[in-house]
Structures are given as C-alpha cells and as structure tokens.
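Q: File work16.txt below, compact mmCIF, C-alpha atoms and all ligand atoms:
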```txt
# COMPACT_ATOMS: atom_id res chain seq x y z
CA MET W 3 -27.63 -26.59 9.83
CA THR W 4 -27.10 -24.00 12.54
CA ALA W 5 -24.64 -21.12 12.42
CA SER W 6 -24.63 -18.28 14.88
CA LEU W 7 -25.62 -14.90 13.50
CA LEU W 8 -22.03 -13.82 14.12
CA ASP W 9 -20.80 -16.70 11.98
CA LEU W 10 -23.18 -15.51 9.28
CA GLY W 11 -21.50 -12.11 9.34
CA TRP W 12 -24.00 -10.22 11.55
CA ARG W 13 -22.27 -7.01 12.64
CA PRO W 14 -25.16 -4.65 13.38
CA THR W 15 -24.57 -0.93 13.09
CA ASP W 16 -26.55 1.62 15.12
CA ALA W 17 -28.93 1.94 12.17
CA ASP W 18 -29.48 -1.84 12.14
CA ALA W 19 -30.14 -1.85 15.88
CA GLU W 20 -32.70 0.89 15.34
CA HIS W 21 -34.50 -1.13 12.66
CA VAL W 22 -34.49 -4.22 14.86
CA HIS W 23 -35.96 -2.13 17.66
CA HIS W 24 -38.78 -0.94 15.39
CA HIS W 25 -39.63 -4.46 14.23
CA PRO W 26 -40.06 -6.31 17.53
CA HIS W 27 -41.67 -9.30 15.81
CA SER W 28 -38.95 -9.73 13.20
CA ARG W 29 -35.59 -11.44 13.34
CA PRO W 30 -32.44 -10.83 11.26
CA ALA W 31 -31.65 -13.32 8.51
CA ARG W 32 -29.15 -13.31 5.66
CA VAL W 33 -29.95 -14.06 2.04
CA THR W 34 -28.06 -17.18 0.97
CA GLN W 35 -29.73 -17.55 -2.41
CA GLN W 36 -32.04 -15.58 -4.64
CA GLN W 37 -34.92 -17.47 -6.12
CA ARG W 38 -37.76 -16.50 -8.41
CA GLY W 39 -39.83 -14.11 -6.31
CA ALA W 40 -38.42 -15.41 -3.05
CA TRP W 41 -35.21 -15.61 -1.08
CA LEU W 42 -33.59 -18.42 0.77
CA VAL W 43 -32.42 -16.91 4.05
CA HIS W 44 -30.47 -18.20 7.04
CA ASP W 45 -31.69 -16.97 10.41
CA GLY W 46 -29.00 -18.61 12.52
CA SER W 47 -30.93 -21.75 13.24
CA GLN W 48 -32.02 -22.79 9.75
CA GLU W 49 -32.46 -21.87 6.12
CA VAL W 50 -36.00 -20.83 5.26
CA LEU W 51 -37.79 -19.34 2.27
CA ALA W 52 -38.87 -15.71 2.62
CA ARG W 53 -41.24 -13.74 0.39
CA ALA W 54 -42.16 -10.10 -0.02
CA ARG W 55 -45.48 -9.04 1.53
CA GLY W 56 -46.98 -8.02 -1.79
CA ALA W 57 -45.23 -4.70 -2.13
CA VAL W 58 -42.03 -4.49 -4.16
CA LEU W 59 -39.00 -4.44 -1.90
CA ASP W 60 -36.60 -1.55 -2.27
CA PRO W 61 -33.83 -2.32 -2.72
CA ALA W 62 -34.58 -5.75 -4.14
CA PRO W 63 -32.67 -8.16 -1.88
CA VAL W 64 -29.65 -9.92 -3.35
CA THR W 65 -27.43 -12.68 -2.02
CA GLY W 66 -25.55 -11.44 1.04
CA ASP W 67 -28.24 -8.98 2.11
CA TRP W 68 -29.39 -8.81 5.72
CA LEU W 69 -33.15 -8.79 6.14
CA LEU W 70 -35.62 -8.61 8.98
CA VAL W 71 -38.07 -11.46 8.52
CA SER W 72 -41.05 -12.71 10.44
CA GLY W 73 -43.25 -15.77 10.40
CA ASP W 74 -43.01 -19.39 11.22
CA ALA W 75 -40.28 -21.16 9.33
CA ARG W 76 -42.62 -24.11 8.68
CA SER W 77 -44.98 -21.95 6.66
CA THR W 78 -43.70 -18.92 4.76
CA CYS W 79 -41.53 -16.19 6.17
CA TYR W 80 -42.06 -12.60 5.11
CA VAL W 81 -39.51 -9.89 4.55
CA ASP W 82 -40.25 -6.85 6.74
CA LYS W 83 -37.15 -4.84 5.98
CA VAL W 84 -33.99 -4.89 3.86
CA LEU W 85 -31.24 -3.57 6.13
CA PRO W 86 -28.72 -0.98 4.90
CA ARG W 87 -25.79 -2.51 3.03
CA ARG W 88 -22.25 -2.23 4.26
CA SER W 89 -20.95 -2.86 0.74
CA THR W 90 -22.58 -3.26 -2.67
CA LEU W 91 -20.83 -4.94 -5.56
CA SER W 92 -22.46 -3.89 -8.84
CA ARG W 93 -21.87 -3.98 -12.55
CA ALA W 94 -23.62 -2.52 -15.55
CA GLU W 95 -25.93 -5.22 -16.84
CA ALA W 96 -24.53 -7.03 -19.86
CA GLY W 97 -26.13 -6.10 -23.16
CA GLY W 98 -27.85 -2.71 -22.89
CA ARG W 99 -25.56 -1.76 -20.04
CA SER W 100 -27.52 1.14 -18.65
CA GLN W 101 -29.09 -0.81 -15.79
CA GLU W 102 -27.40 -1.63 -12.53
CA GLN W 103 -27.02 -5.27 -11.61
CA VAL W 104 -26.18 -5.76 -7.95
CA ILE W 105 -24.00 -8.86 -7.75
CA ALA W 106 -23.70 -9.15 -3.98
CA ALA W 107 -24.21 -7.21 -0.76
CA ASN W 108 -22.32 -7.02 2.51
CA VAL W 109 -19.18 -8.59 1.14
CA ASP W 110 -15.88 -7.94 2.95
CA VAL W 111 -13.43 -9.21 0.34
CA VAL W 112 -13.98 -9.82 -3.36
CA GLY W 113 -11.76 -12.50 -4.88
CA ILE W 114 -11.23 -11.54 -8.52
CA CYS W 115 -10.40 -14.85 -10.17
CA ALA W 116 -8.28 -15.22 -13.30
CA PRO W 117 -6.79 -18.49 -14.62
CA ALA W 118 -2.98 -18.67 -14.59
CA ASP W 119 -2.88 -19.74 -18.24
CA ASP W 120 -5.03 -16.87 -19.49
CA VAL W 121 -4.86 -13.70 -17.38
CA ASN W 122 -6.68 -10.80 -19.00
CA GLU W 123 -5.17 -7.66 -17.51
CA ARG W 124 -7.75 -5.33 -19.01
CA ARG W 125 -10.50 -7.37 -17.44
CA LEU W 126 -8.73 -7.28 -14.06
CA GLU W 127 -8.69 -3.49 -14.26
CA ARG W 128 -12.43 -3.40 -14.89
CA GLU W 129 -13.20 -5.75 -12.04
CA LEU W 130 -10.86 -3.91 -9.68
CA THR W 131 -12.57 -0.62 -10.51
CA ALA W 132 -15.95 -2.09 -9.49
CA VAL W 133 -14.54 -3.64 -6.32
CA TRP W 134 -12.79 -0.45 -5.17
CA ALA W 135 -16.12 1.34 -5.59
CA SER W 136 -18.09 -1.36 -3.75
CA GLY W 137 -16.83 -0.79 -0.23
CA ALA W 138 -15.19 -4.24 -0.16
CA VAL W 139 -11.48 -5.00 -0.45
CA PRO W 140 -10.18 -6.69 -3.62
CA LEU W 141 -8.04 -9.82 -3.61
CA VAL W 142 -6.73 -11.08 -6.94
CA ILE W 143 -6.73 -14.87 -7.15
CA ILE W 144 -4.74 -16.48 -9.96
CA THR W 145 -6.38 -19.91 -10.19
CA LYS W 146 -5.17 -23.15 -11.80
CA ALA W 147 -1.55 -22.49 -10.78
CA ASP W 148 -0.84 -26.12 -11.71
CA ALA W 149 -1.63 -25.35 -15.35
CA VAL W 150 1.51 -23.26 -15.94
CA ASP W 151 5.24 -23.74 -15.30
CA ASP W 152 5.83 -20.58 -13.30
CA PRO W 153 2.64 -19.35 -11.61
CA HIS W 154 4.58 -16.83 -9.55
CA ALA W 155 5.83 -15.07 -12.67
CA VAL W 156 2.17 -14.85 -13.76
CA ALA W 157 1.23 -13.34 -10.40
CA THR W 158 4.09 -10.85 -10.55
CA ALA W 159 3.03 -9.75 -14.02
CA ALA W 160 -0.59 -9.39 -12.90
CA ALA W 161 0.44 -7.40 -9.83
CA VAL W 162 1.61 -4.59 -12.13
CA VAL W 163 -2.02 -3.76 -12.96
CA CYS W 164 -3.35 -4.56 -9.48
CA ILE W 165 -2.07 -1.63 -7.47
CA GLY W 166 -3.03 -1.86 -3.81
CA ALA W 167 -4.50 -5.36 -4.11
CA ASP W 168 -2.84 -8.57 -3.00
CA VAL W 169 -2.32 -11.24 -5.63
CA LEU W 170 -2.45 -14.93 -4.65
CA THR W 171 -1.94 -18.06 -6.72
CA THR W 172 -4.07 -21.11 -5.99
CA SER W 173 -4.61 -24.61 -7.28
CA THR W 174 -7.42 -26.87 -6.23
CA VAL W 175 -5.43 -29.73 -7.79
CA SER W 176 -2.24 -29.32 -5.71
CA GLY W 177 -3.79 -27.39 -2.84
CA GLU W 178 -1.31 -24.56 -3.33
CA GLY W 179 -2.41 -21.19 -1.98
CA LEU W 180 -5.56 -22.41 -0.24
CA ASP W 181 -4.14 -21.39 3.13
CA GLY W 182 -3.53 -17.93 1.74
CA VAL W 183 -7.25 -17.64 0.96
CA ARG W 184 -8.17 -19.08 4.37
CA ASP W 185 -6.00 -16.40 5.98
CA ARG W 186 -8.26 -13.74 4.43
CA LEU W 187 -11.29 -15.35 5.96
CA GLY W 188 -12.36 -15.90 9.53
CA PRO W 189 -15.62 -16.25 11.43
CA GLY W 190 -18.21 -13.91 9.93
CA VAL W 191 -15.97 -12.72 7.07
CA THR W 192 -17.57 -12.87 3.61
CA LEU W 193 -15.46 -13.51 0.52
CA ALA W 194 -17.23 -13.27 -2.85
CA LEU W 195 -15.68 -14.87 -5.93
CA ILE W 196 -16.11 -13.29 -9.36
CA GLY W 197 -14.54 -13.96 -12.75
CA PRO W 198 -15.22 -15.60 -16.09
CA SER W 199 -16.90 -18.99 -16.37
CA GLY W 200 -14.64 -21.98 -15.85
CA VAL W 201 -11.86 -20.28 -13.89
CA GLY W 202 -12.54 -22.53 -10.91
CA LYS W 203 -14.60 -20.38 -8.54
CA SER W 204 -16.90 -23.17 -7.38
CA SER W 205 -13.95 -25.57 -7.25
CA LEU W 206 -12.23 -23.15 -4.87
CA VAL W 207 -15.29 -23.09 -2.60
CA ASN W 208 -15.34 -26.88 -2.55
CA ALA W 209 -11.60 -27.08 -1.84
CA LEU W 210 -11.96 -24.69 1.09
CA ALA W 211 -14.98 -26.62 2.36
CA GLY W 212 -13.11 -29.90 2.10
CA HIS W 213 -16.05 -31.55 0.35
CA GLU W 214 -18.33 -30.86 -2.59
CA VAL W 215 -20.88 -28.21 -1.72
CA LEU W 216 -21.26 -26.81 -5.24
CA ALA W 217 -21.36 -28.38 -8.68
CA THR W 218 -18.36 -27.83 -10.94
CA GLN W 219 -17.77 -28.80 -14.53
CA ALA W 220 -15.22 -28.61 -17.30
CA THR W 221 -15.92 -25.76 -19.70
CA ARG W 222 -17.03 -26.55 -23.22
CA GLN W 223 -14.43 -26.11 -25.90
CA ASP W 224 -16.83 -25.02 -28.65
CA GLY W 225 -16.77 -21.40 -27.56
CA LYS W 226 -20.38 -21.48 -26.44
CA GLY W 227 -19.20 -21.11 -22.86
CA ARG W 228 -20.98 -23.38 -20.46
CA HIS W 229 -21.96 -21.73 -17.24
CA THR W 230 -22.03 -24.33 -14.51
CA THR W 231 -23.08 -22.06 -11.68
CA THR W 232 -26.37 -20.35 -12.49
CA GLY W 233 -27.18 -18.48 -9.29
CA ARG W 234 -25.31 -16.76 -6.50
CA HIS W 235 -24.83 -18.82 -3.39
CA LEU W 236 -23.67 -17.77 0.03
CA VAL W 237 -22.00 -20.75 1.65
CA PRO W 238 -21.22 -20.56 5.38
CA LEU W 239 -18.23 -22.79 6.15
CA ALA W 240 -17.86 -23.63 9.83
CA GLY W 241 -14.54 -22.44 11.17
CA VAL W 242 -13.59 -20.85 7.83
CA GLY W 243 -15.94 -17.97 7.01
CA LEU W 244 -18.52 -17.30 4.29
CA LEU W 245 -17.98 -17.79 0.59
CA LEU W 246 -20.24 -16.20 -1.99
CA ASP W 247 -20.03 -18.02 -5.33
CA THR W 248 -21.27 -16.28 -8.48
CA PRO W 249 -21.93 -17.48 -12.04
CA GLY W 250 -19.15 -16.68 -14.51
CA MET W 251 -19.56 -13.33 -16.22
CA ARG W 252 -18.55 -13.15 -19.83
CA GLU W 253 -17.83 -9.46 -19.76
CA PHE W 254 -17.53 -7.03 -16.94
CA ALA W 255 -18.54 -3.37 -17.01
CA PRO W 256 -18.41 -1.39 -13.76
CA TRP W 257 -21.41 0.64 -12.64
CA PHE W 258 -20.88 4.25 -11.44
CA ALA W 259 -17.38 3.71 -10.16
CA ASP W 260 -15.48 6.96 -10.49
CA GLU W 261 -13.76 6.54 -7.15
CA GLY W 262 -12.93 2.96 -8.15
CA LEU W 263 -11.25 4.27 -11.28
CA GLY W 264 -8.92 6.41 -9.13
CA GLY W 265 -8.00 3.38 -7.03
CA THR W 266 -7.32 1.10 -9.98
CA PHE W 267 -5.31 3.65 -11.92
CA ALA W 268 -3.48 5.31 -9.03
CA ASP W 269 -0.23 5.10 -11.05
CA ILE W 270 -1.70 7.19 -13.86
CA ASP W 271 -3.06 9.70 -11.36
CA GLU W 272 0.45 9.99 -9.97
CA LEU W 273 1.93 10.61 -13.43
CA ALA W 274 -0.82 13.14 -14.11
CA ALA W 275 0.49 15.30 -11.30
CA SER W 276 3.35 16.25 -13.65
CA CYS W 277 1.12 17.27 -16.59
CA ARG W 278 1.41 20.94 -17.51
CA PHE W 279 -2.32 21.58 -17.14
CA ALA W 280 -4.11 20.66 -13.93
CA ASP W 281 -7.21 19.64 -15.91
CA CYS W 282 -5.21 17.67 -18.50
CA ARG W 283 -7.30 14.91 -20.09
CA HIS W 284 -4.18 13.14 -21.39
CA ASP W 285 -5.66 13.32 -24.83
CA SER W 286 -3.46 15.56 -26.99
CA GLU W 287 -2.57 18.37 -24.59
CA PRO W 288 0.96 19.78 -24.74
CA GLY W 289 3.16 18.96 -21.77
CA CYS W 290 1.16 15.84 -20.92
CA ALA W 291 3.34 13.64 -18.69
CA VAL W 292 1.03 10.64 -19.05
CA LEU W 293 1.24 10.61 -22.85
CA THR W 294 5.01 11.14 -22.74
CA VAL W 295 5.52 8.10 -20.51
CA ALA W 296 2.94 6.06 -22.44
CA ALA W 297 4.76 6.76 -25.73
CA GLY W 298 7.92 5.07 -24.43
CA ASP W 299 6.30 2.20 -22.54
CA ALA W 300 3.82 -0.08 -24.27
CA GLU W 301 2.51 -1.50 -21.00
CA ILE W 302 1.66 1.94 -19.63
CA GLY W 303 0.28 2.86 -23.05
CA ALA W 304 -2.18 -0.03 -22.88
CA ARG W 305 -3.13 0.95 -19.36
CA VAL W 306 -3.79 4.57 -20.32
CA GLU W 307 -5.97 3.39 -23.18
CA SER W 308 -7.88 1.06 -20.87
CA TRP W 309 -8.34 3.87 -18.34
CA ARG W 310 -9.73 6.21 -21.01
CA LYS W 311 -12.10 3.58 -22.31
CA LEU W 312 -13.47 2.95 -18.82
CA GLN W 313 -13.76 6.66 -18.17
CA ARG W 314 -15.78 7.05 -21.38
CA GLU W 315 -18.05 4.18 -20.39
CA LEU W 316 -18.70 5.61 -16.95
CA ALA W 317 -19.39 9.06 -18.39
CA TRP W 318 -21.86 7.50 -20.83
CA LEU W 319 -23.64 5.74 -17.99
CA GLU W 320 -23.93 9.02 -16.15
CA ARG W 321 -25.42 10.76 -19.19
CA ARG W 322 -27.88 7.91 -19.70
CA GLN W 323 -28.92 8.16 -16.08
CA ASP W 324 -29.37 11.93 -16.33
CA ALA W 325 -31.51 11.47 -19.44
CA ARG W 326 -33.60 8.92 -17.63
CA LEU W 327 -34.11 11.26 -14.68
CA ARG W 328 -35.21 14.06 -16.99
CA GLN W 329 -37.63 11.71 -18.70
CA GLU W 330 -39.10 10.67 -15.35
CA GLU W 331 -39.43 14.31 -14.25
CA ARG W 332 -41.28 15.06 -17.46
CA ARG W 333 -43.58 12.09 -16.96
CA GLN W 334 -44.41 13.24 -13.43
CA TRP W 335 -45.07 16.73 -14.71
CA ILE W 336 -47.52 15.43 -17.33
CA ILE W 337 -49.33 13.38 -14.69
CA ARG W 338 -49.69 16.43 -12.41
CA GLU W 339 -50.76 18.62 -15.31
CA ARG W 340 -53.51 16.17 -16.31
CA ALA W 341 -54.75 15.84 -12.75
CA MET W 342 -54.92 19.59 -12.44
CA ARG W 343 -56.86 19.98 -15.70
CA ARG W 344 -59.35 17.39 -14.54
CA SER W 345 -59.84 19.17 -11.24
CA ILE W 346 -60.63 22.54 -12.85
CA ARG W 347 -62.85 21.15 -15.63
CA PRO W 348 -66.39 22.60 -15.23
CA THR W 349 -68.93 19.96 -14.28
N1 LIG E 1 -6.02 -27.66 -13.62
C1 LIG E 1 -6.93 -27.16 -12.79
N2 LIG E 1 -8.23 -27.23 -13.09
C2 LIG E 1 -9.12 -26.69 -12.22
C3 LIG E 1 -8.72 -26.03 -11.04
N3 LIG E 1 -9.81 -25.58 -10.40
C4 LIG E 1 -10.86 -25.92 -11.18
N4 LIG E 1 -10.46 -26.60 -12.26
C5 LIG E 1 -11.31 -27.14 -13.32
O1 LIG E 1 -11.91 -26.09 -14.05
C6 LIG E 1 -13.21 -26.42 -14.48
C7 LIG E 1 -14.20 -25.36 -14.10
O2 LIG E 1 -14.29 -25.27 -12.68
P1 LIG E 1 -15.51 -24.58 -11.93
O3 LIG E 1 -15.14 -24.55 -10.50
O4 LIG E 1 -16.78 -25.23 -12.30
O5 LIG E 1 -15.45 -23.12 -12.56
P2 LIG E 1 -16.39 -21.87 -12.23
O6 LIG E 1 -15.49 -20.67 -12.20
O7 LIG E 1 -17.17 -22.12 -11.01
O8 LIG E 1 -17.32 -21.79 -13.52
P3 LIG E 1 -18.82 -21.19 -13.65
O9 LIG E 1 -19.62 -21.76 -12.55
O10 LIG E 1 -19.27 -21.60 -15.00
O11 LIG E 1 -18.66 -19.70 -13.53
C8 LIG E 1 -13.50 -27.79 -13.85
O12 LIG E 1 -13.29 -28.79 -14.83
C9 LIG E 1 -12.49 -27.91 -12.74
O13 LIG E 1 -12.14 -29.24 -12.47
C10 LIG E 1 -7.31 -25.99 -10.73
O14 LIG E 1 -6.84 -25.45 -9.73
N5 LIG E 1 -6.48 -26.55 -11.65
MG MG E 2 -19.16 -22.16 -10.67
ZN ZN E 3 -1.87 14.70 -19.16
```
Please, can you express the file's structure as structure tokens?

A:
Amino acid sequence: MTASLLDLGWRPTDADAEHVHHHPHSRPARVTQQQRGAWLVHDGSQEVLARARGAVLDPAPVTGDWLLVSGDARSTCYVDKVLPRRSTLSRAEAGGRSQEQVIAANVDVVGICAPADDVNERRLERELTAVWASGAVPLVIITKADAVDDPHAVATAAAVVCIGADVLTTSTVSGEGLDGVRDRLGPGVTLALIGPSGVGKSSLVNALAGHEVLATQATRQDGKGRHTTTGRHLVPLAGVGLLLDTPGMREFAPWFADEGLGGTFADIDELAASCRFADCRHDSEPGCAVLTVAAGDAEIGARVESWRKLQRELAWLERRQDARLRQEERRQWIIRERAMRRSIRPT
C-alpha cells in the first residue's frame, strides 16, 4: 500500500527539515500502530516494523508520531529520531492518575464521540478540556443518530456545553452526517476519534472507508464493558484523509490542561468578569456573579461544579508533579553526596 508522505500528513517545519538534514541516512515515517517494543510505521511506500536502537526513546513514540528511520524494510528498521510533535493529545492515566498517557500525536482534529441515546455532558467537558490543550481542534460527534427520534435536539443540547466546537450527528446505519465528517478531512489531515467503548468509533472509520478496515462489535450488556479495539490505529484513507482510531476509555481525566479549561468553560470566565473580586474563586465570596447565576440556573450550576472539580484535579496533578520533582532532586543530591564522599575517602 503506497501513500505519499503528504497523504500521510507530512508537513515538515524548519525544525523537521533540520533533523532530516542531520540524518542523511534516515527517512521520515509515521507511526501507524504501537506494538510491544516496536512500532509499525509507514514510510510512504510501505508499512514496516521499526525498533529502538537499544536506548530508550524520548519521547516514547505513539501512534501519529513522525520518526526518522533507517534500515532495509526487509530486515528491521531502526528509529533514529522522534520528530517534534505539532500536537499532543494526553490524559492522566486511569487508576493512579498521576502519570501522563499520550493518546496520539500530530492530530489535526479530535472527534469526541458520544452516542445520541446517552450523551454525558460532564464527560464532554473533560474531553474538550484535553483537546483544547492538545493543539488540535475539537469536533463533537454525536453517533448513532438513528437510535433516537430527534438527534438534532440532542446535538443542540450538547452544543450548550461545547462552546467553540462544532457538533455533528452521524449514523453509520443511515449514513447521515458522514459527509460532514468527510468535510473536516482532506489529504494529509488527521482526525482522531476518542470516546467510551461501543459508541461506534471503529464503525465510523469503516463507514468512511467504505469497507471494513477495523473490527467492530456490539458491547456486552453485563456492565463488564467489552473493548473491541485494543490498540490505536492510524488508518490512511485514499482521497479522504487519515483516521486515528483509539480503544474506548472508560473514564477521562485531562493531563495538565489549564489553558484547555479556559477554552471549555469560556462562558464561566465571561461571567467571572462581573465578580466583585478579580481573584474570585467562585466559592463563597460575596458579590460572586458566577454563584449568583448558578443559583438560578441548574444547568449553569452543574457546569460550575464540573469546572471546579476539574480545576481541583488539575491542581492536584500539579502538586503531585512538584512533589515528584523534589523527590528526584533529593535523589540526585544523595547520589552526588555519596560520590563526593567516596572521592575524598583516604586510601
Ligand atoms: N444503531 C447504531 N449502531 C451503531 C452505529 N455505529 C456503530 N454501531 C454499533 O455499535 C457497536 C459498537 O461499535 P464499534 O464501532 O465497535 O464501537 P467502538 O467505539 O469502536 O468501541 P471500542 O472499540 O470498544 O472502543 C456495534 O455493534 C456497531 O454495530 C450507528 O450509527 N447506529
Ligand atoms: Mg473500536
Ligand atoms: Zn466569582
């Protein structure tokens, strides 16, 4: 399968050109799939497996990354360089939550998928916050439009919490809205799809491809949550663009996304301009415009609560990170101290 580098989304910056210049025996290739200790990459003429040359790669390549690789495709290719990312979509890893998980790199648009019959507005806010911070543009995709009577009413309701992002409705059953998604694509444009398991992300990729490129499956009803897609796949579709499918994520916590928070909750920021105190935390301060409006409007009230919860989470992450830095500094200090003692010990 060939695809020109341009079709794969190659848009080299000056920095990229510089790296290419310094690696005359390497060629650019894009990660289409992460594997255990290796990466499937597309170099424009074919997909090949690339490995690290022993040393740990920093940053660790993820799907969507541009690499410089060398070596014969028939044997093993090696990664010589991970090129700077134009966008990085991350979340806090589920569970402990104080580690960054990079979901995808060099994405232009992130399609945040939610099923028409079960839109979770609080989740949309969390995903939007991460996307605004990623450097990519969000697009909200209400999937399974055929599953409800009035999908457009669902989209209109969702739009209230999706300030600045377009909201589309799609159905892979009726074909509704697929052209709207195609309009966001184009040669070399990368659209990543995120959302819970079973919302129809892989089905959407297949519908846009016109044939089955990815496996899809009905979700289990026993609450165990079957995840059909297990890895992240970058799928180049000739004449359409690039789709990056991800496994469903049960919960979504943004990673260091303060600027994303401002984008997602621009309406609250606007209200805050009328608070009596410039540094109002909209907690219990007198003359708080946000709390006044929230008291009379349940929808805004829920949004303010969601905004505060996210803010607390992000602040916690920051503190954790600071603590980790201090710990590392202390460790380095102990290492230096020991080395010094050894060097002055009488022999
Ligand atoms: N009614 C309806 N069902 C759909 C639509 N799109 C997908 N489905 C069904 O939803 C189920 C899940 O679809 P997938 O595409 O596998 O969902 P996914 O988001 O990729 O799920 P994970 O890979 O687990 O994250 C399948 O049974 C699909 O047939 C749609 O537009 N309408
Ligand atoms: Mg899937
Ligand atoms: Zn206030």

Q: Taking only C-alpha atoms and all ligand atoms into account, which residues have an atom no farther than 7 Å from ligand LIG 1 (chain E)? I'd like them as an MDAnalysis selection string.

A: chainID W and resid 145:149 172:175 197:206 217:221 228:232 248:251

Q: Give as number ranges by chain the residues surrounding ligand ZN 3 (chain E) up to a distance of 9 Å, considering all atoms listed in the file.

A: W: 273-294

Q: Go ahead and write the selection's residues with C-alpha atoms as an mmCIF file, keeping the file's coordinate frame.

A:
```
data_model
loop_
_atom_site.group_PDB
_atom_site.id
_atom_site.type_symbol
_atom_site.label_atom_id
_atom_site.label_comp_id
_atom_site.auth_asym_id
_atom_site.auth_seq_id
_atom_site.Cartn_x
_atom_site.Cartn_y
_atom_site.Cartn_z
ATOM 1 C CA LEU W 273 1.930 10.610 -13.430
ATOM 2 C CA ALA W 274 -0.820 13.140 -14.110
ATOM 3 C CA ALA W 275 0.490 15.300 -11.300
ATOM 4 C CA SER W 276 3.350 16.250 -13.650
ATOM 5 C CA CYS W 277 1.120 17.270 -16.590
ATOM 6 C CA ARG W 278 1.410 20.940 -17.510
ATOM 7 C CA PHE W 279 -2.320 21.580 -17.140
ATOM 8 C CA ALA W 280 -4.110 20.660 -13.930
ATOM 9 C CA ASP W 281 -7.210 19.640 -15.910
ATOM 10 C CA CYS W 282 -5.210 17.670 -18.500
ATOM 11 C CA ARG W 283 -7.300 14.910 -20.090
ATOM 12 C CA HIS W 284 -4.180 13.140 -21.390
ATOM 13 C CA ASP W 285 -5.660 13.320 -24.830
ATOM 14 C CA SER W 286 -3.460 15.560 -26.990
ATOM 15 C CA GLU W 287 -2.570 18.370 -24.590
ATOM 16 C CA PRO W 288 0.960 19.780 -24.740
ATOM 17 C CA GLY W 289 3.160 18.960 -21.770
ATOM 18 C CA CYS W 290 1.160 15.840 -20.920
ATOM 19 C CA ALA W 291 3.340 13.640 -18.690
ATOM 20 C CA VAL W 292 1.030 10.640 -19.050
ATOM 21 C CA LEU W 293 1.240 10.610 -22.850
ATOM 22 C CA THR W 294 5.010 11.140 -22.740
#
```

Q: Smallest atom-to-atom distance to ligand MG 2 (chain E): which of W:Leu236, W:Leu216, W:Val295, W:Ile346, using all atoms listed in the file?

A: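 Of all the options, W:Leu216 lies closest to ligand MG 2 (chain E).
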
Q: Distance atom CA of Ser28 of chain W-atom CA of Leu69 of chain W, one decimal place?

A: 9.2 Å

Q: Quick one: distance from atom CA of Trp134 of chain W to atom CA of Leu316 of chain W in Å, one decimal?

A: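 Going from atom CA of Trp134 of chain W over to atom CA of Leu316 of chain W covers 14.5 Å.
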
Q: Using all atoms listed in the file, which residues sit within 7 Å of Ser6 of chain W once same-chain residues fewer than 3 positions away are excluded, as a list in words?

A: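 Contacts, in chain order: Asp9, Leu10 and Gly46 of chain W.
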
Q: Using only C-alpha atoms, which of the listed residues (W:Asp247, W:Ser345, W:Glu272, W:Arg128) sits closest to Leu312 of chain W?

A: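 The answer is W:Arg128, which sits nearest to Leu312 of chain W.
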
Q: Would you mind telling me which residue in W:Glu330, W:Asp45, W:Asp82, W:Glu129 lies nearest to Pro63 of chain W when using all atoms listed in the file?

A: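 Using all atoms listed in the file, Pro63 of chain W sits closest to W:Asp82.
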
Q: Just the residues within 10 Å of Pro86 of chain W, please, counting all atoms listed in the file, with nothing from its chain fewer than 6 positions along; format it as JSON, numbers by chain.

A: {"W": [14, 15, 17, 18, 21, 61, 67, 68, 69, 107, 108]}

Q: Would you write out those residues with C-alpha atoms, as a CSV table (one decimal), in the coordinates of the input?

A:
```csv
chain,number,residue,atom,x,y,z
W,14,PRO,CA,-25.2,-4.6,13.4
W,15,THR,CA,-24.6,-0.9,13.1
W,17,ALA,CA,-28.9,1.9,12.2
W,18,ASP,CA,-29.5,-1.8,12.1
W,21,HIS,CA,-34.5,-1.1,12.7
W,61,PRO,CA,-33.8,-2.3,-2.7
W,67,ASP,CA,-28.2,-9.0,2.1
W,68,TRP,CA,-29.4,-8.8,5.7
W,69,LEU,CA,-33.2,-8.8,6.1
W,107,ALA,CA,-24.2,-7.2,-0.8
W,108,ASN,CA,-22.3,-7.0,2.5
```

Q: Rounded to one decimal in Å, what is the spacing between atom CA of Val33 of chain W and atom CA of Arg53 of chain W?

A: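 Calculated distance between atom CA of Val33 of chain W and atom CA of Arg53 of chain W is 11.4 Å.
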
Q: Residues at most 12 Å from Arg186 of chain W, counting all atoms listed in the file, excluding those fewer than 6 positions away in the same chain, as a ChimeraX atom specification?

A: /W:110-113,139-143,168-170,179-180,192-194,242-245

Q: Show me, as a ChimeraX atom specification, the residues that have an atom within 9 Å of Trp309 of chain W when counting all atoms listed in the file, minus same-chain residues fewer than 5 positions from it.

A: /W:127,263,266-267,270,304,314

Q: Those residues with C-alpha atoms, as a CSV table (one decimal), in the coordinates of the input please?

A:
```
chain,number,residue,atom,x,y,z
W,127,GLU,CA,-8.7,-3.5,-14.3
W,263,LEU,CA,-11.2,4.3,-11.3
W,266,THR,CA,-7.3,1.1,-10.0
W,267,PHE,CA,-5.3,3.6,-11.9
W,270,ILE,CA,-1.7,7.2,-13.9
W,304,ALA,CA,-2.2,0.0,-22.9
W,314,ARG,CA,-15.8,7.0,-21.4
```

Q: Which residue gives the smallest distance to ligand MG 2 (chain E) among W:Ala341, W:Ala297, W:Val207, W:Ile302, with only C-alpha atoms and all ligand atoms counted?

A: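 With only C-alpha atoms and all ligand atoms as the atom set, the closest residue is W:Val207.
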
Q: Out of W:Val156, W:Ile144, W:Val84, W:Ile196, which residue has the shortest atom-to-atom distance to ligand MG 2 (chain E) when counting all atoms listed in the file?

A: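 Looking only at the distances to ligand MG 2 (chain E), the closest residue turns out to be W:Ile196.
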
Q: Of the residues W:Asn208, W:Gln323, W:Ser47, W:Gln313, which is the one nearest to ligand MG 2 (chain E), using all atoms listed in the file?

A: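 Comparing W:Asn208, W:Gln323, W:Ser47, W:Gln313 against ligand MG 2 (chain E), the winner is W:Asn208.
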
Q: Please, which residues are within 12 Å of (-43.2, -25.9, 9.2) by the file's coordinates, counting all atoms listed in the file, and could they come as JSON, numbers by chain?

A: {"W": [48, 49, 50, 51, 73, 74, 75, 76, 77, 78, 79]}
